[in-house]
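As stored in final.txt (compact mmCIF, N, CA and C atoms):
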```txt
# COMPACT_ATOMS: atom_id res chain seq x y z
N MET A 4 56.64 25.90 7.07
CA MET A 4 56.61 27.27 6.62
C MET A 4 57.24 28.14 7.71
N TYR A 5 58.21 28.91 7.33
CA TYR A 5 58.89 29.80 8.26
C TYR A 5 58.39 31.22 8.09
N SER A 6 58.31 31.93 9.18
CA SER A 6 58.01 33.35 9.11
C SER A 6 59.15 34.12 9.77
N GLN A 7 59.27 35.35 9.37
CA GLN A 7 60.35 36.17 9.90
C GLN A 7 59.80 37.22 10.84
N ILE A 8 60.57 37.48 11.91
CA ILE A 8 60.23 38.57 12.80
C ILE A 8 61.48 39.44 12.97
N LYS A 9 61.25 40.71 13.15
CA LYS A 9 62.36 41.64 13.39
C LYS A 9 62.27 42.09 14.84
N LEU A 10 63.42 42.08 15.50
CA LEU A 10 63.49 42.47 16.91
C LEU A 10 64.53 43.56 17.07
N ASP A 11 64.23 44.50 17.94
CA ASP A 11 65.24 45.50 18.28
C ASP A 11 66.28 44.88 19.20
N GLN A 12 65.81 44.05 20.15
CA GLN A 12 66.72 43.46 21.12
C GLN A 12 66.06 42.22 21.73
N LEU A 13 66.86 41.18 21.94
CA LEU A 13 66.40 39.99 22.66
C LEU A 13 66.69 40.18 24.14
N SER A 14 65.85 39.60 24.99
CA SER A 14 66.13 39.68 26.42
C SER A 14 67.29 38.75 26.76
N ALA A 15 68.03 39.10 27.80
CA ALA A 15 69.16 38.28 28.22
C ALA A 15 68.69 36.89 28.63
N GLY A 16 67.54 36.80 29.28
CA GLY A 16 67.01 35.50 29.69
C GLY A 16 66.74 34.59 28.51
N SER A 17 66.22 35.15 27.41
CA SER A 17 65.96 34.34 26.22
C SER A 17 67.26 33.83 25.61
N ILE A 18 68.28 34.67 25.61
CA ILE A 18 69.57 34.25 25.05
C ILE A 18 70.18 33.14 25.88
N TYR A 19 70.14 33.30 27.22
CA TYR A 19 70.67 32.25 28.09
C TYR A 19 69.87 30.95 27.94
N LYS A 20 68.56 31.06 27.80
CA LYS A 20 67.72 29.87 27.65
C LYS A 20 68.06 29.11 26.37
N ILE A 21 68.19 29.83 25.27
CA ILE A 21 68.52 29.20 23.99
C ILE A 21 69.90 28.55 24.06
N THR A 22 70.85 29.27 24.65
CA THR A 22 72.22 28.75 24.75
C THR A 22 72.27 27.50 25.63
N PHE A 23 71.64 27.57 26.81
CA PHE A 23 71.68 26.43 27.72
C PHE A 23 70.96 25.22 27.14
N LEU A 24 69.78 25.42 26.56
CA LEU A 24 69.04 24.29 25.99
C LEU A 24 69.81 23.64 24.84
N GLY A 25 70.41 24.46 23.99
CA GLY A 25 71.20 23.90 22.88
C GLY A 25 72.38 23.09 23.38
N LEU A 26 73.07 23.60 24.39
CA LEU A 26 74.21 22.86 24.94
C LEU A 26 73.75 21.61 25.68
N ALA A 27 72.71 21.73 26.48
CA ALA A 27 72.25 20.58 27.27
C ALA A 27 71.76 19.44 26.37
N PHE A 28 70.97 19.77 25.35
CA PHE A 28 70.43 18.72 24.50
C PHE A 28 71.45 18.16 23.51
N SER A 29 72.61 18.80 23.38
CA SER A 29 73.65 18.22 22.55
C SER A 29 74.70 17.49 23.39
N LEU A 30 74.98 17.98 24.59
CA LEU A 30 76.00 17.34 25.43
C LEU A 30 75.48 16.13 26.19
N MET A 31 74.18 16.11 26.53
CA MET A 31 73.63 15.00 27.31
C MET A 31 73.76 13.67 26.56
N PRO A 32 73.35 13.57 25.29
CA PRO A 32 73.53 12.29 24.60
C PRO A 32 75.00 11.90 24.45
N LEU A 33 75.86 12.89 24.22
CA LEU A 33 77.29 12.61 24.09
C LEU A 33 77.85 12.05 25.40
N CYS A 34 77.51 12.66 26.51
CA CYS A 34 78.00 12.18 27.81
C CYS A 34 77.39 10.83 28.17
N LEU A 35 76.16 10.58 27.76
CA LEU A 35 75.57 9.26 28.01
C LEU A 35 76.29 8.18 27.22
N VAL A 36 76.71 8.48 26.00
CA VAL A 36 77.52 7.53 25.22
C VAL A 36 78.83 7.27 25.93
N PHE A 37 79.46 8.34 26.45
CA PHE A 37 80.69 8.16 27.22
C PHE A 37 80.43 7.32 28.46
N GLY A 38 79.27 7.48 29.08
CA GLY A 38 78.91 6.67 30.24
C GLY A 38 78.76 5.20 29.90
N VAL A 39 78.20 4.93 28.73
CA VAL A 39 78.08 3.53 28.29
C VAL A 39 79.47 2.94 28.05
N PHE A 40 80.36 3.73 27.47
CA PHE A 40 81.74 3.26 27.30
C PHE A 40 82.40 2.99 28.65
N ALA A 41 82.10 3.82 29.64
CA ALA A 41 82.67 3.63 30.98
C ALA A 41 82.18 2.32 31.60
N VAL A 42 80.96 1.93 31.28
CA VAL A 42 80.44 0.65 31.77
C VAL A 42 81.30 -0.50 31.27
N PHE A 43 81.82 -0.37 30.06
CA PHE A 43 82.64 -1.43 29.47
C PHE A 43 84.13 -1.25 29.74
N GLY A 44 84.48 -0.34 30.66
CA GLY A 44 85.86 -0.24 31.11
C GLY A 44 86.72 0.82 30.44
N PHE A 45 86.17 1.59 29.53
CA PHE A 45 86.94 2.66 28.91
C PHE A 45 87.09 3.83 29.87
N ASN A 46 88.18 4.57 29.76
CA ASN A 46 88.44 5.72 30.64
C ASN A 46 87.82 6.99 30.06
N THR A 47 86.52 7.01 29.89
CA THR A 47 85.85 8.15 29.28
C THR A 47 85.25 9.10 30.31
N ILE A 48 84.98 8.64 31.52
CA ILE A 48 84.43 9.48 32.58
C ILE A 48 85.51 9.66 33.64
N ILE A 49 85.91 10.91 33.85
CA ILE A 49 86.96 11.24 34.81
C ILE A 49 86.35 12.13 35.89
N TRP A 50 86.52 11.76 37.14
CA TRP A 50 86.05 12.58 38.26
C TRP A 50 87.17 12.68 39.28
N ASN A 51 87.53 13.90 39.62
CA ASN A 51 88.59 14.15 40.59
C ASN A 51 89.93 13.56 40.13
N GLY A 52 90.15 13.56 38.83
CA GLY A 52 91.40 13.06 38.28
C GLY A 52 91.48 11.56 38.16
N GLN A 53 90.43 10.85 38.55
CA GLN A 53 90.42 9.38 38.49
C GLN A 53 89.34 8.91 37.53
N PRO A 54 89.64 7.90 36.71
CA PRO A 54 88.60 7.35 35.84
C PRO A 54 87.54 6.61 36.66
N VAL A 55 86.30 6.75 36.23
CA VAL A 55 85.18 6.08 36.90
C VAL A 55 84.62 5.05 35.92
N HIS A 56 84.51 3.80 36.36
CA HIS A 56 84.05 2.71 35.50
C HIS A 56 82.75 2.13 36.04
N GLY A 57 82.13 1.33 35.20
CA GLY A 57 80.94 0.59 35.61
C GLY A 57 79.70 1.47 35.69
N LEU A 58 78.75 1.01 36.50
CA LEU A 58 77.48 1.72 36.64
C LEU A 58 77.68 3.12 37.20
N SER A 59 78.70 3.30 38.03
CA SER A 59 79.00 4.63 38.57
C SER A 59 79.33 5.62 37.46
N GLY A 60 80.07 5.18 36.45
CA GLY A 60 80.39 6.04 35.32
C GLY A 60 79.16 6.42 34.53
N LEU A 61 78.25 5.45 34.38
CA LEU A 61 77.02 5.73 33.64
C LEU A 61 76.14 6.71 34.41
N LEU A 62 76.06 6.57 35.72
CA LEU A 62 75.23 7.46 36.52
C LEU A 62 75.85 8.84 36.68
N LEU A 63 77.16 8.92 36.61
CA LEU A 63 77.85 10.20 36.76
C LEU A 63 77.85 11.01 35.46
N SER A 64 77.69 10.36 34.32
CA SER A 64 77.78 11.05 33.04
C SER A 64 76.74 12.16 32.85
N PRO A 65 75.45 11.98 33.23
CA PRO A 65 74.53 13.11 33.06
C PRO A 65 74.84 14.28 34.00
N ILE A 66 75.40 13.98 35.17
CA ILE A 66 75.78 15.05 36.09
C ILE A 66 76.91 15.87 35.50
N ILE A 67 77.88 15.19 34.91
CA ILE A 67 78.99 15.89 34.26
C ILE A 67 78.48 16.71 33.08
N ALA A 68 77.52 16.17 32.32
CA ALA A 68 76.95 16.91 31.19
C ALA A 68 76.26 18.18 31.68
N ALA A 69 75.52 18.09 32.78
CA ALA A 69 74.83 19.26 33.31
C ALA A 69 75.83 20.32 33.79
N ILE A 70 76.91 19.87 34.43
CA ILE A 70 77.93 20.82 34.90
C ILE A 70 78.60 21.52 33.72
N ILE A 71 78.98 20.74 32.71
CA ILE A 71 79.63 21.32 31.53
C ILE A 71 78.69 22.28 30.80
N ALA A 72 77.42 21.87 30.64
CA ALA A 72 76.45 22.73 29.95
C ALA A 72 76.22 24.02 30.73
N SER A 73 76.20 23.94 32.05
CA SER A 73 76.00 25.14 32.86
C SER A 73 77.19 26.09 32.75
N LEU A 74 78.40 25.55 32.85
CA LEU A 74 79.58 26.40 32.76
C LEU A 74 79.71 27.02 31.37
N LEU A 75 79.58 26.19 30.33
CA LEU A 75 79.66 26.73 28.96
C LEU A 75 78.50 27.68 28.67
N GLY A 76 77.31 27.34 29.17
CA GLY A 76 76.15 28.20 28.95
C GLY A 76 76.33 29.57 29.57
N GLY A 77 76.92 29.60 30.76
CA GLY A 77 77.18 30.89 31.39
C GLY A 77 78.18 31.71 30.62
N PHE A 78 79.25 31.08 30.18
CA PHE A 78 80.30 31.80 29.44
C PHE A 78 79.81 32.21 28.05
N VAL A 79 79.31 31.26 27.30
CA VAL A 79 78.86 31.54 25.92
C VAL A 79 77.63 32.45 25.93
N GLY A 80 76.72 32.23 26.88
CA GLY A 80 75.54 33.08 26.98
C GLY A 80 75.90 34.53 27.24
N THR A 81 76.86 34.75 28.13
CA THR A 81 77.30 36.11 28.43
C THR A 81 77.94 36.76 27.20
N ALA A 82 78.74 35.99 26.48
CA ALA A 82 79.34 36.51 25.25
C ALA A 82 78.27 36.84 24.21
N CYS A 83 77.25 35.99 24.10
CA CYS A 83 76.17 36.25 23.14
C CYS A 83 75.34 37.46 23.54
N VAL A 84 75.07 37.61 24.85
CA VAL A 84 74.32 38.78 25.32
C VAL A 84 75.08 40.05 24.95
N ALA A 85 76.38 40.07 25.21
CA ALA A 85 77.18 41.26 24.89
C ALA A 85 77.23 41.50 23.38
N GLY A 86 77.44 40.45 22.61
CA GLY A 86 77.52 40.61 21.16
C GLY A 86 76.20 41.04 20.54
N LEU A 87 75.09 40.47 20.99
CA LEU A 87 73.79 40.85 20.43
C LEU A 87 73.36 42.24 20.90
N TRP A 88 73.78 42.63 22.11
CA TRP A 88 73.51 44.00 22.56
C TRP A 88 74.24 44.99 21.66
N LEU A 89 75.50 44.69 21.35
CA LEU A 89 76.27 45.55 20.47
C LEU A 89 75.65 45.59 19.07
N HIS A 90 75.21 44.43 18.58
CA HIS A 90 74.56 44.37 17.26
C HIS A 90 73.29 45.20 17.24
N SER A 91 72.54 45.20 18.35
CA SER A 91 71.27 45.93 18.39
C SER A 91 71.47 47.44 18.31
N LYS A 92 72.66 47.92 18.57
CA LYS A 92 72.94 49.35 18.47
C LYS A 92 73.04 49.81 17.02
N PHE A 93 73.25 48.85 16.10
CA PHE A 93 73.46 49.21 14.70
C PHE A 93 72.28 48.84 13.79
N ARG A 94 71.65 47.71 14.05
CA ARG A 94 70.55 47.27 13.18
C ARG A 94 69.67 46.29 13.93
N PRO A 95 68.42 46.11 13.49
CA PRO A 95 67.53 45.14 14.14
C PRO A 95 67.94 43.71 13.78
N LEU A 96 67.51 42.78 14.60
CA LEU A 96 67.80 41.37 14.40
C LEU A 96 66.61 40.72 13.71
N THR A 97 66.85 40.00 12.63
CA THR A 97 65.79 39.29 11.91
C THR A 97 65.93 37.81 12.17
N LEU A 98 64.87 37.20 12.69
CA LEU A 98 64.86 35.77 13.00
C LEU A 98 63.81 35.07 12.16
N SER A 99 64.08 33.82 11.82
CA SER A 99 63.11 33.00 11.10
C SER A 99 62.73 31.83 11.99
N GLY A 100 61.46 31.44 11.96
CA GLY A 100 61.01 30.31 12.75
C GLY A 100 59.67 29.81 12.28
N LYS A 101 59.33 28.61 12.73
CA LYS A 101 58.04 28.02 12.40
C LYS A 101 56.98 28.55 13.35
N ASN A 102 55.82 28.79 12.81
CA ASN A 102 54.69 29.22 13.62
C ASN A 102 54.08 28.03 14.35
N ILE A 103 53.60 28.29 15.54
CA ILE A 103 52.87 27.28 16.29
C ILE A 103 51.40 27.65 16.21
N SER A 104 50.58 26.73 15.70
CA SER A 104 49.15 27.02 15.62
C SER A 104 48.51 26.51 16.91
N HIS A 105 47.68 27.35 17.51
CA HIS A 105 46.99 27.00 18.74
C HIS A 105 45.53 26.75 18.46
N ASP A 106 44.99 25.74 19.12
CA ASP A 106 43.56 25.49 19.07
C ASP A 106 42.92 26.47 20.06
N GLN A 107 42.01 27.30 19.59
CA GLN A 107 41.44 28.35 20.43
C GLN A 107 40.64 27.79 21.60
N GLN A 108 40.13 26.57 21.51
CA GLN A 108 39.35 25.99 22.60
C GLN A 108 40.25 25.56 23.75
N ASN A 109 41.52 25.22 23.48
CA ASN A 109 42.43 24.76 24.52
C ASN A 109 43.22 25.89 25.18
N VAL A 110 43.10 27.10 24.65
CA VAL A 110 43.84 28.23 25.21
C VAL A 110 43.04 28.79 26.37
N SER A 111 43.68 28.92 27.54
CA SER A 111 42.94 29.46 28.69
C SER A 111 43.33 30.88 28.97
```
Is it possible to give me this structure as structure tokens?
Amino acid sequence: MYSQIKLDQLSAGSIYKITFLGLAFSLMPLCLVFGVFAVFGFNTIIWNGQPVHGLSGLLLSPIIAAIIASLLGGFVGTACVAGLWLHSKFRPLTLSGKNISHDQQNVS
């Protein structure tokens, strides 16, 4: 069950968090697959202009994913912050999401 909330403006930190998490959780599996290919000798992991093969390629793939996610997250996040700020000048933002139910005994 989804509920809707209306917001005047999202914080920049929330936008960057959503952007970075989306990129990281989508690029990490992709880069790990490329790392597995590098173990088998494919030129899928490139560092300093040279292909990296074997276990080194597999270990380097998550580092490359983190670098790419950080760079793209900074660029795309900044563009989203600017675009959503501009949108907030004209109308509120309506978001849909699932509610999280909390057990009142576990909440401190």
Checklist entry - Rounded to one decimal in Å, what is the spacing between atom C of Leu61 of chain A and atom N of Leu30 of chain A? => result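 These atoms are spaced 15.0 Å apart.
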Checklist entry - Hey, can you pull every residue with an atom no more than 8 Å from (81.0, 9.9, 31.4), using only N, CA and C atoms, and send it as number ranges by chain? => result A: 33-42, 46-49, 55, 59-68
Item to check | Selection near Ile8 of chain A, 7 Å with all atoms listed in the file, sequence-local residues under 4 positions removed, as a ChimeraX atom specification | outcome: /A:96-100
Next on the checklist: If I take atom CA of Trp50 of chain A and atom N of Val79 of chain A, how far is one from the other in Å, to one decimal?
Outcome noted: 22.7 Å
Checklist entry - How far is it from atom N of Gln12 of chain A to atom C of Pro95 of chain A, in Å with one decimal? => result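 Separation of atom N of Gln12 of chain A and atom C of Pro95 of chain A: 6.7 Å.
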Show me, as a PDB file with N, CA and C atoms, in the coordinates of the input, the residues that have an atom within 8 Å of Gly80 of chain A when counting only C-alpha atoms, minus same-chain residues fewer than 3 positions from it.
```
ATOM      1  N   ILE A  18      68.280  34.670  25.610  1.00  0.00           N
ATOM      2  CA  ILE A  18      69.570  34.250  25.050  1.00  0.00           C
ATOM      3  C   ILE A  18      70.180  33.140  25.880  1.00  0.00           C
ATOM      4  N   TYR A  19      70.140  33.300  27.220  1.00  0.00           N
ATOM      5  CA  TYR A  19      70.670  32.250  28.090  1.00  0.00           C
ATOM      6  C   TYR A  19      69.870  30.950  27.940  1.00  0.00           C
ATOM      7  N   THR A  22      70.850  29.270  24.650  1.00  0.00           N
ATOM      8  CA  THR A  22      72.220  28.750  24.750  1.00  0.00           C
ATOM      9  C   THR A  22      72.270  27.500  25.630  1.00  0.00           C
ATOM     10  N   PHE A  23      71.640  27.570  26.810  1.00  0.00           N
ATOM     11  CA  PHE A  23      71.680  26.430  27.720  1.00  0.00           C
ATOM     12  C   PHE A  23      70.960  25.220  27.140  1.00  0.00           C
ATOM     13  N   LEU A  75      79.580  26.190  30.330  1.00  0.00           N
ATOM     14  CA  LEU A  75      79.660  26.730  28.960  1.00  0.00           C
ATOM     15  C   LEU A  75      78.500  27.680  28.670  1.00  0.00           C
ATOM     16  N   GLY A  76      77.310  27.340  29.170  1.00  0.00           N
ATOM     17  CA  GLY A  76      76.150  28.200  28.950  1.00  0.00           C
ATOM     18  C   GLY A  76      76.330  29.570  29.570  1.00  0.00           C
ATOM     19  N   GLY A  77      76.920  29.600  30.760  1.00  0.00           N
ATOM     20  CA  GLY A  77      77.180  30.890  31.390  1.00  0.00           C
ATOM     21  C   GLY A  77      78.180  31.710  30.620  1.00  0.00           C
ATOM     22  N   CYS A  83      77.250  35.990  24.100  1.00  0.00           N
ATOM     23  CA  CYS A  83      76.170  36.250  23.140  1.00  0.00           C
ATOM     24  C   CYS A  83      75.340  37.460  23.540  1.00  0.00           C
ATOM     25  N   VAL A  84      75.070  37.610  24.850  1.00  0.00           N
ATOM     26  CA  VAL A  84      74.320  38.780  25.320  1.00  0.00           C
ATOM     27  C   VAL A  84      75.080  40.050  24.950  1.00  0.00           C
TER      28      VAL A  84
END
```
Block slice segment 34-48 of chain A, all heavy atoms, emitted as a PDB file, in the first residue's frame:
```pdb
ATOM      1  N   CYS A  34      29.695  -3.784 -12.226  1.00  0.00           N
ATOM      2  CA  CYS A  34      31.163  -3.796 -12.184  1.00  0.00           C
ATOM      3  C   CYS A  34      31.697  -5.127 -11.647  1.00  0.00           C
ATOM      4  O   CYS A  34      32.764  -5.575 -12.060  1.00  0.00           O
ATOM      5  CB  CYS A  34      31.682  -2.629 -11.355  1.00  0.00           C
ATOM      6  SG  CYS A  34      31.588  -1.065 -12.244  1.00  0.00           S
ATOM      7  N   LEU A  35      30.973  -5.752 -10.733  1.00  0.00           N
ATOM      8  CA  LEU A  35      31.404  -7.069 -10.256  1.00  0.00           C
ATOM      9  C   LEU A  35      31.324  -8.113 -11.365  1.00  0.00           C
ATOM     10  O   LEU A  35      32.186  -8.988 -11.472  1.00  0.00           O
ATOM     11  CB  LEU A  35      30.582  -7.502  -9.040  1.00  0.00           C
ATOM     12  CG  LEU A  35      30.934  -6.785  -7.739  1.00  0.00           C
ATOM     13  CD1 LEU A  35      29.959  -7.169  -6.636  1.00  0.00           C
ATOM     14  CD2 LEU A  35      32.360  -7.076  -7.319  1.00  0.00           C
ATOM     15  N   VAL A  36      30.315  -8.024 -12.219  1.00  0.00           N
ATOM     16  CA  VAL A  36      30.235  -8.919 -13.379  1.00  0.00           C
ATOM     17  C   VAL A  36      31.417  -8.677 -14.300  1.00  0.00           C
ATOM     18  O   VAL A  36      32.050  -9.616 -14.797  1.00  0.00           O
ATOM     19  CB  VAL A  36      28.883  -8.739 -14.120  1.00  0.00           C
ATOM     20  CG1 VAL A  36      28.897  -9.430 -15.472  1.00  0.00           C
ATOM     21  CG2 VAL A  36      27.740  -9.259 -13.274  1.00  0.00           C
ATOM     22  N   PHE A  37      31.752  -7.394 -14.519  1.00  0.00           N
ATOM     23  CA  PHE A  37      32.928  -7.077 -15.326  1.00  0.00           C
ATOM     24  C   PHE A  37      34.194  -7.618 -14.677  1.00  0.00           C
ATOM     25  O   PHE A  37      35.115  -8.066 -15.358  1.00  0.00           O
ATOM     26  CB  PHE A  37      33.050  -5.569 -15.538  1.00  0.00           C
ATOM     27  CG  PHE A  37      32.020  -4.989 -16.459  1.00  0.00           C
ATOM     28  CD1 PHE A  37      31.736  -3.638 -16.428  1.00  0.00           C
ATOM     29  CD2 PHE A  37      31.320  -5.777 -17.361  1.00  0.00           C
ATOM     30  CE1 PHE A  37      30.797  -3.081 -17.276  1.00  0.00           C
ATOM     31  CE2 PHE A  37      30.372  -5.236 -18.215  1.00  0.00           C
ATOM     32  CZ  PHE A  37      30.112  -3.887 -18.166  1.00  0.00           C
ATOM     33  N   GLY A  38      34.260  -7.591 -13.351  1.00  0.00           N
ATOM     34  CA  GLY A  38      35.408  -8.145 -12.639  1.00  0.00           C
ATOM     35  C   GLY A  38      35.528  -9.647 -12.822  1.00  0.00           C
ATOM     36  O   GLY A  38      36.637 -10.186 -12.963  1.00  0.00           O
ATOM     37  N   VAL A  39      34.392 -10.328 -12.833  1.00  0.00           N
ATOM     38  CA  VAL A  39      34.412 -11.784 -13.077  1.00  0.00           C
ATOM     39  C   VAL A  39      34.900 -12.062 -14.499  1.00  0.00           C
ATOM     40  O   VAL A  39      35.686 -12.989 -14.725  1.00  0.00           O
ATOM     41  CB  VAL A  39      33.009 -12.394 -12.827  1.00  0.00           C
ATOM     42  CG1 VAL A  39      32.935 -13.823 -13.304  1.00  0.00           C
ATOM     43  CG2 VAL A  39      32.646 -12.298 -11.350  1.00  0.00           C
ATOM     44  N   PHE A  40      34.458 -11.249 -15.454  1.00  0.00           N
ATOM     45  CA  PHE A  40      34.963 -11.404 -16.821  1.00  0.00           C
ATOM     46  C   PHE A  40      36.470 -11.170 -16.884  1.00  0.00           C
ATOM     47  O   PHE A  40      37.187 -11.838 -17.636  1.00  0.00           O
ATOM     48  CB  PHE A  40      34.249 -10.452 -17.785  1.00  0.00           C
ATOM     49  CG  PHE A  40      32.853 -10.861 -18.147  1.00  0.00           C
ATOM     50  CD1 PHE A  40      31.898  -9.904 -18.456  1.00  0.00           C
ATOM     51  CD2 PHE A  40      32.481 -12.193 -18.193  1.00  0.00           C
ATOM     52  CE1 PHE A  40      30.602 -10.272 -18.799  1.00  0.00           C
ATOM     53  CE2 PHE A  40      31.195 -12.575 -18.536  1.00  0.00           C
ATOM     54  CZ  PHE A  40      30.251 -11.616 -18.830  1.00  0.00           C
ATOM     55  N   ALA A  41      36.961 -10.211 -16.099  1.00  0.00           N
ATOM     56  CA  ALA A  41      38.399  -9.924 -16.074  1.00  0.00           C
ATOM     57  C   ALA A  41      39.188 -11.111 -15.532  1.00  0.00           C
ATOM     58  O   ALA A  41      40.318 -11.355 -15.956  1.00  0.00           O
ATOM     59  CB  ALA A  41      38.680  -8.676 -15.245  1.00  0.00           C
ATOM     60  N   VAL A  42      38.590 -11.858 -14.611  1.00  0.00           N
ATOM     61  CA  VAL A  42      39.250 -13.060 -14.090  1.00  0.00           C
ATOM     62  C   VAL A  42      39.495 -14.058 -15.211  1.00  0.00           C
ATOM     63  O   VAL A  42      40.525 -14.739 -15.244  1.00  0.00           O
ATOM     64  CB  VAL A  42      38.402 -13.698 -12.956  1.00  0.00           C
ATOM     65  CG1 VAL A  42      38.913 -15.073 -12.586  1.00  0.00           C
ATOM     66  CG2 VAL A  42      38.389 -12.797 -11.728  1.00  0.00           C
ATOM     67  N   PHE A  43      38.585 -14.112 -16.166  1.00  0.00           N
ATOM     68  CA  PHE A  43      38.704 -15.055 -17.275  1.00  0.00           C
ATOM     69  C   PHE A  43      39.429 -14.465 -18.489  1.00  0.00           C
ATOM     70  O   PHE A  43      39.403 -15.048 -19.566  1.00  0.00           O
ATOM     71  CB  PHE A  43      37.318 -15.567 -17.677  1.00  0.00           C
ATOM     72  CG  PHE A  43      36.684 -16.402 -16.602  1.00  0.00           C
ATOM     73  CD1 PHE A  43      35.614 -15.912 -15.866  1.00  0.00           C
ATOM     74  CD2 PHE A  43      37.165 -17.668 -16.307  1.00  0.00           C
ATOM     75  CE1 PHE A  43      35.034 -16.676 -14.875  1.00  0.00           C
ATOM     76  CE2 PHE A  43      36.597 -18.444 -15.309  1.00  0.00           C
ATOM     77  CZ  PHE A  43      35.524 -17.936 -14.588  1.00  0.00           C
ATOM     78  N   GLY A  44      40.065 -13.297 -18.307  1.00  0.00           N
ATOM     79  CA  GLY A  44      40.922 -12.759 -19.356  1.00  0.00           C
ATOM     80  C   GLY A  44      40.308 -11.733 -20.283  1.00  0.00           C
ATOM     81  O   GLY A  44      40.977 -11.273 -21.202  1.00  0.00           O
ATOM     82  N   PHE A  45      39.064 -11.364 -20.073  1.00  0.00           N
ATOM     83  CA  PHE A  45      38.456 -10.332 -20.907  1.00  0.00           C
ATOM     84  C   PHE A  45      38.977  -8.958 -20.497  1.00  0.00           C
ATOM     85  O   PHE A  45      39.304  -8.723 -19.341  1.00  0.00           O
ATOM     86  CB  PHE A  45      36.924 -10.362 -20.791  1.00  0.00           C
ATOM     87  CG  PHE A  45      36.298 -11.571 -21.414  1.00  0.00           C
ATOM     88  CD1 PHE A  45      36.035 -12.697 -20.661  1.00  0.00           C
ATOM     89  CD2 PHE A  45      35.982 -11.575 -22.756  1.00  0.00           C
ATOM     90  CE1 PHE A  45      35.457 -13.813 -21.234  1.00  0.00           C
ATOM     91  CE2 PHE A  45      35.399 -12.682 -23.340  1.00  0.00           C
ATOM     92  CZ  PHE A  45      35.147 -13.818 -22.580  1.00  0.00           C
ATOM     93  N   ASN A  46      39.033  -8.029 -21.436  1.00  0.00           N
ATOM     94  CA  ASN A  46      39.517  -6.671 -21.165  1.00  0.00           C
ATOM     95  C   ASN A  46      38.377  -5.764 -20.699  1.00  0.00           C
ATOM     96  O   ASN A  46      38.088  -4.745 -21.312  1.00  0.00           O
ATOM     97  CB  ASN A  46      40.169  -6.083 -22.415  1.00  0.00           C
ATOM     98  CG  ASN A  46      41.412  -6.812 -22.818  1.00  0.00           C
ATOM     99  OD1 ASN A  46      42.089  -7.406 -21.981  1.00  0.00           O
ATOM    100  ND2 ASN A  46      41.733  -6.776 -24.090  1.00  0.00           N
ATOM    101  N   THR A  47      37.749  -6.109 -19.598  1.00  0.00           N
ATOM    102  CA  THR A  47      36.606  -5.340 -19.116  1.00  0.00           C
ATOM    103  C   THR A  47      36.983  -4.342 -18.037  1.00  0.00           C
ATOM    104  O   THR A  47      36.247  -3.380 -17.812  1.00  0.00           O
ATOM    105  CB  THR A  47      35.517  -6.276 -18.560  1.00  0.00           C
ATOM    106  OG1 THR A  47      36.105  -7.131 -17.588  1.00  0.00           O
ATOM    107  CG2 THR A  47      34.898  -7.108 -19.662  1.00  0.00           C
ATOM    108  N   ILE A  48      38.088  -4.539 -17.344  1.00  0.00           N
ATOM    109  CA  ILE A  48      38.540  -3.615 -16.302  1.00  0.00           C
ATOM    110  C   ILE A  48      39.804  -2.923 -16.814  1.00  0.00           C
ATOM    111  O   ILE A  48      40.804  -3.570 -17.094  1.00  0.00           O
ATOM    112  CB  ILE A  48      38.828  -4.352 -14.975  1.00  0.00           C
ATOM    113  CG1 ILE A  48      37.594  -5.104 -14.480  1.00  0.00           C
ATOM    114  CG2 ILE A  48      39.338  -3.382 -13.920  1.00  0.00           C
ATOM    115  CD1 ILE A  48      36.427  -4.221 -14.100  1.00  0.00           C
TER     116      ILE A  48
END
```
